[in-house]
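**Student:** Input: one structure, supplied below.
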Amino acid sequence: QVQLVESGGGLVQAGGSLRLSCAASGRTFSSAHMAWFRQAPGKERNFAAAISWSDSTTYYSDSVKGRFTISRDNAKNTVYLQMNSLKPEDTAVYYCANRIHGGIYSVFSRYAYNDWGQGTQVTVSS
């Protein structure tokens, strides 16, 4: 099992930036991908971005592509989400998630992920 702790959320005006961090501990050697999902009130948890631990291949949803950047620091077992040009519709709880090797679901699917953090609130005011 992998434990995940997110940080970096907060309140920002539209057009501003935030950087989220996700620190992983435990059985991190089994990790294949790390991802960020987000969930707005009354809505489903949706994929935002993911990164491969082995070769840093990145994946983005259409709604964040070009504005968000996911990156990793293997030495620190930490994944980051740099969010620029934030919009009010980016307001959500952001969750970090870990996917182990050998899963059958796509990296874009929440069902692919085995471990989740507690979430961090991001609020973008207009």
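Quick note on naming: the chains in the structure tokens go A, B, ... in the order shown, residues restart at 1 in each chain, and ligands are numbered from 1 in order of appearance.
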Need to verify the contact set: Thr58 of chain A, 12 Å, only C-alpha atoms, exclusion of same-chain residues closer than 2 positions in sequence. Can you return it as a CSV table (one decimal) with all heavy atoms, in the first residue's frame?
**Tutor:**
chain,number,residue,atom,x,y,z
A,33,HIS,N,2.0,4.7,-12.2
A,33,HIS,CA,1.6,6.1,-12.5
A,33,HIS,C,1.1,6.8,-11.2
A,33,HIS,O,0.6,6.1,-10.3
A,33,HIS,CB,0.5,6.1,-13.5
A,33,HIS,CG,0.8,5.5,-14.8
A,33,HIS,ND1,0.7,4.2,-15.1
A,33,HIS,CD2,1.3,6.1,-16.0
A,33,HIS,CE1,1.1,3.9,-16.3
A,33,HIS,NE2,1.5,5.1,-16.9
A,34,MET,N,1.3,8.1,-11.2
A,34,MET,CA,0.6,8.9,-10.3
A,34,MET,C,-0.3,9.9,-11.0
A,34,MET,O,0.1,10.3,-12.1
A,34,MET,CB,1.7,9.7,-9.4
A,34,MET,CG,2.5,8.8,-8.6
A,34,MET,SD,1.6,8.2,-7.1
A,34,MET,CE,1.6,9.7,-6.1
A,35,ALA,N,-1.4,10.2,-10.4
A,35,ALA,CA,-2.3,11.1,-11.1
A,35,ALA,C,-3.0,12.1,-10.2
A,35,ALA,O,-3.0,11.9,-8.9
A,35,ALA,CB,-3.4,10.2,-11.7
A,36,TRP,N,-3.6,13.1,-10.8
A,36,TRP,CA,-4.4,14.0,-10.1
A,36,TRP,C,-5.8,13.9,-10.6
A,36,TRP,O,-6.0,14.0,-11.8
A,36,TRP,CB,-3.9,15.5,-10.2
A,36,TRP,CG,-2.7,15.7,-9.5
A,36,TRP,CD1,-1.4,15.7,-10.0
A,36,TRP,CD2,-2.5,16.1,-8.1
A,36,TRP,NE1,-0.5,16.0,-9.0
A,36,TRP,CE2,-1.2,16.3,-7.8
A,36,TRP,CE3,-3.5,16.3,-7.1
A,36,TRP,CZ2,-0.7,16.6,-6.6
A,36,TRP,CZ3,-3.0,16.7,-5.8
A,36,TRP,CH2,-1.6,16.9,-5.6
A,48,ALA,N,-7.6,14.6,-14.2
A,48,ALA,CA,-7.0,15.8,-14.6
A,48,ALA,C,-5.6,15.6,-15.3
A,48,ALA,O,-5.4,16.1,-16.4
A,48,ALA,CB,-6.8,16.8,-13.4
A,49,ALA,N,-4.8,14.8,-14.6
A,49,ALA,CA,-3.4,14.6,-15.2
A,49,ALA,C,-2.8,13.4,-14.6
A,49,ALA,O,-3.1,13.0,-13.4
A,49,ALA,CB,-2.5,15.9,-15.0
A,50,ALA,N,-1.8,12.8,-15.3
A,50,ALA,CA,-1.1,11.7,-14.8
A,50,ALA,C,0.3,11.7,-15.3
A,50,ALA,O,0.6,12.3,-16.3
A,50,ALA,CB,-1.8,10.3,-15.1
A,51,ILE,N,1.2,10.9,-14.6
A,51,ILE,CA,2.6,10.8,-15.0
A,51,ILE,C,3.1,9.5,-14.7
A,51,ILE,O,2.8,8.9,-13.7
A,51,ILE,CB,3.4,11.9,-14.4
A,51,ILE,CG1,4.9,12.0,-14.9
A,51,ILE,CG2,3.5,11.8,-12.8
A,51,ILE,CD1,5.7,13.2,-14.5
A,52,SER,N,3.9,8.9,-15.6
A,52,SER,CA,4.6,7.6,-15.4
A,52,SER,C,5.8,7.8,-14.6
A,52,SER,O,6.6,8.7,-14.8
A,52,SER,CB,5.0,7.0,-16.8
A,52,SER,OG,5.9,6.0,-16.6
A,53,TRP,N,6.0,6.9,-13.6
A,53,TRP,CA,7.2,7.0,-12.8
A,53,TRP,C,8.4,6.6,-13.6
A,53,TRP,O,9.5,7.1,-13.3
A,53,TRP,CB,7.1,6.0,-11.6
A,53,TRP,CG,6.4,6.6,-10.4
A,53,TRP,CD1,5.2,6.1,-9.9
A,53,TRP,CD2,6.7,7.7,-9.6
A,53,TRP,NE1,4.8,6.9,-8.8
A,53,TRP,CE2,5.7,7.9,-8.6
A,53,TRP,CE3,7.8,8.6,-9.6
A,53,TRP,CZ2,5.8,8.9,-7.6
A,53,TRP,CZ3,7.8,9.6,-8.6
A,53,TRP,CH2,6.9,9.7,-7.6
A,54,SER,N,8.3,5.7,-14.5
A,54,SER,CA,9.5,5.2,-15.2
A,54,SER,C,10.1,6.1,-16.3
A,54,SER,O,11.3,6.2,-16.3
A,54,SER,CB,9.1,3.8,-15.9
A,54,SER,OG,8.1,4.0,-16.8
A,55,ASP,N,9.2,6.7,-17.1
A,55,ASP,CA,9.7,7.5,-18.2
A,55,ASP,C,9.1,8.9,-18.3
A,55,ASP,O,9.3,9.6,-19.2
A,55,ASP,CB,9.5,6.8,-19.5
A,55,ASP,CG,8.1,6.6,-19.8
A,55,ASP,OD1,7.2,7.1,-19.1
A,55,ASP,OD2,7.8,5.8,-20.8
A,56,SER,N,8.3,9.3,-17.2
A,56,SER,CA,7.7,10.6,-17.2
A,56,SER,C,6.8,11.0,-18.3
A,56,SER,O,6.5,12.1,-18.5
A,56,SER,CB,8.8,11.7,-17.1
A,56,SER,OG,9.5,11.7,-15.9
A,60,TYR,N,-3.0,14.3,-20.0
A,60,TYR,CA,-3.9,15.4,-19.5
A,60,TYR,C,-5.3,15.3,-20.0
A,60,TYR,O,-5.5,14.9,-21.2
A,60,TYR,CB,-3.3,16.8,-20.0
A,60,TYR,CG,-1.9,17.1,-19.4
A,60,TYR,CD1,-0.8,16.8,-20.1
A,60,TYR,CD2,-1.8,17.6,-18.1
A,60,TYR,CE1,0.5,17.1,-19.6
A,60,TYR,CE2,-0.6,17.9,-17.6
A,60,TYR,CZ,0.6,17.7,-18.3
A,60,TYR,OH,1.8,18.0,-17.8
A,61,SER,N,-6.2,15.8,-19.3
A,61,SER,CA,-7.6,15.9,-19.8
A,61,SER,C,-7.6,17.2,-20.7
A,61,SER,O,-6.8,18.1,-20.5
A,61,SER,CB,-8.6,16.1,-18.6
A,61,SER,OG,-8.4,17.3,-18.0
A,65,LYS,N,-5.3,20.7,-20.3
A,65,LYS,CA,-4.2,20.7,-21.2
A,65,LYS,C,-3.8,22.1,-21.6
A,65,LYS,O,-4.6,22.9,-22.0
A,65,LYS,CB,-4.5,19.9,-22.5
A,65,LYS,CG,-3.3,19.5,-23.3
A,65,LYS,CD,-3.8,18.6,-24.5
A,65,LYS,CE,-4.4,17.3,-24.0
A,65,LYS,NZ,-4.8,16.4,-25.1
A,68,PHE,N,-2.2,23.2,-17.1
A,68,PHE,CA,-1.6,22.5,-16.0
A,68,PHE,C,-0.4,21.7,-16.4
A,68,PHE,O,-0.4,21.2,-17.6
A,68,PHE,CB,-2.6,21.5,-15.4
A,68,PHE,CG,-3.8,22.2,-14.7
A,68,PHE,CD1,-4.0,23.5,-14.7
A,68,PHE,CD2,-4.7,21.4,-14.0
A,68,PHE,CE1,-5.1,24.1,-14.1
A,68,PHE,CE2,-5.8,21.9,-13.3
A,68,PHE,CZ,-6.0,23.3,-13.4
A,69,THR,N,0.6,21.5,-15.5
A,69,THR,CA,1.7,20.7,-15.8
A,69,THR,C,2.0,19.8,-14.6
A,69,THR,O,2.1,20.2,-13.5
A,69,THR,CB,3.0,21.5,-16.0
A,69,THR,OG1,2.7,22.4,-17.1
A,69,THR,CG2,4.2,20.7,-16.4
A,70,ILE,N,2.0,18.5,-14.9
A,70,ILE,CA,2.4,17.5,-13.9
A,70,ILE,C,3.8,17.1,-14.0
A,70,ILE,O,4.4,17.0,-15.1
A,70,ILE,CB,1.4,16.2,-14.0
A,70,ILE,CG1,1.6,15.3,-12.8
A,70,ILE,CG2,1.7,15.5,-15.3
A,70,ILE,CD1,0.6,14.2,-12.7
A,71,SER,N,4.5,17.0,-12.9
A,71,SER,CA,5.9,16.6,-12.9
A,71,SER,C,6.2,15.7,-11.6
A,71,SER,O,5.3,15.6,-10.7
A,71,SER,CB,6.8,17.8,-12.8
A,71,SER,OG,6.5,18.6,-11.7
A,72,ARG,N,7.4,15.1,-11.6
A,72,ARG,CA,7.7,14.3,-10.4
A,72,ARG,C,9.1,14.5,-10.0
A,72,ARG,O,10.0,14.9,-10.8
A,72,ARG,CB,7.5,12.8,-10.8
A,72,ARG,CG,8.4,12.4,-12.0
A,72,ARG,CD,8.2,10.9,-12.2
A,72,ARG,NE,8.9,10.4,-13.4
A,72,ARG,CZ,10.2,10.2,-13.5
A,72,ARG,NH1,11.0,10.5,-12.5
A,72,ARG,NH2,10.8,9.8,-14.6
A,79,VAL,N,5.0,14.1,-6.4
A,79,VAL,CA,4.4,14.5,-7.7
A,79,VAL,C,3.8,15.9,-7.5
A,79,VAL,O,3.3,16.2,-6.4
A,79,VAL,CB,3.4,13.6,-8.1
A,79,VAL,CG1,2.7,14.1,-9.4
A,79,VAL,CG2,4.0,12.2,-8.4
A,81,LEU,N,1.6,19.3,-9.3
A,81,LEU,CA,0.7,19.8,-10.3
A,81,LEU,C,0.7,21.3,-10.3
A,81,LEU,O,0.2,22.0,-9.4
A,81,LEU,CB,-0.8,19.3,-10.1
A,81,LEU,CG,-1.7,19.6,-11.2
A,81,LEU,CD1,-1.4,18.8,-12.5
A,81,LEU,CD2,-3.2,19.4,-10.8
A,107,VAL,N,-5.1,4.7,-17.7
A,107,VAL,CA,-4.6,5.7,-16.7
A,107,VAL,C,-5.6,6.8,-16.5
A,107,VAL,O,-5.6,7.6,-15.6
A,107,VAL,CB,-3.3,6.3,-17.1
A,107,VAL,CG1,-2.2,5.3,-17.1
A,107,VAL,CG2,-3.4,7.0,-18.5
A,108,PHE,N,-6.6,7.0,-17.5
A,108,PHE,CA,-7.6,8.0,-17.4
A,108,PHE,C,-8.8,7.7,-16.5
A,108,PHE,O,-9.6,8.5,-16.2
A,108,PHE,CB,-8.1,8.4,-18.8
A,108,PHE,CG,-7.1,8.8,-19.7
A,108,PHE,CD1,-6.5,8.0,-20.6
A,108,PHE,CD2,-6.6,10.2,-19.7
A,108,PHE,CE1,-5.5,8.4,-21.5
A,108,PHE,CE2,-5.7,10.6,-20.6
A,108,PHE,CZ,-5.1,9.7,-21.5
**Student:** Give me, as a Markdown table, each residue of segment 17-124 of chain A that comes within 8 Å of segment 9-13 of chain A, together with its shortest interatomic pair and the distance in Å at one decimal, counting only C-alpha atoms, with rows ordered by chain and rising residue number.
**Tutor:**
| residue | atom | partner | partner_atom | distance |
| --- | --- | --- | --- | --- |
| A:Ser17 | CA | A:Val12 | CA | 7.2 |
| A:Leu18 | CA | A:Gly9 | CA | 7.1 |
| A:Arg19 | CA | A:Gly9 | CA | 7.5 |
| A:Leu20 | CA | A:Gly9 | CA | 6.2 |
| A:Leu86 | CA | A:Gln13 | CA | 7.7 |
| A:Thr120 | CA | A:Gly9 | CA | 5.4 |
| A:Gln121 | CA | A:Gly9 | CA | 5.3 |
| A:Val122 | CA | A:Gly9 | CA | 5.0 |
| A:Thr123 | CA | A:Leu11 | CA | 4.7 |
| A:Val124 | CA | A:Val12 | CA | 5.0 |
**Student:** Please, what distance in Å, to one decimal, runs between atom CA of Gly16 of chain A and atom CA of Asn46 of chain A?
**Tutor:**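 Interatomic distance, atom CA of Gly16 of chain A to atom CA of Asn46 of chain A: 21.7 Å.
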**Student:** From the list A:Ser125, A:Ser30, A:Gln1, A:Asn77, which residue is nearest Asp90 of chain A when using only C-alpha atoms?
**Tutor:**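 Smallest separation from Asp90 of chain A among the options: A:Ser125.
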**Student:** Pick from A:Asn114, A:Ser126, A:Ser7, A:Asn74: nearest to Tyr94 of chain A, with only C-alpha atoms counted?
**Tutor:**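 Among A:Asn114, A:Ser126, A:Ser7, A:Asn74, it is A:Ser7 that comes nearest to Tyr94 of chain A.
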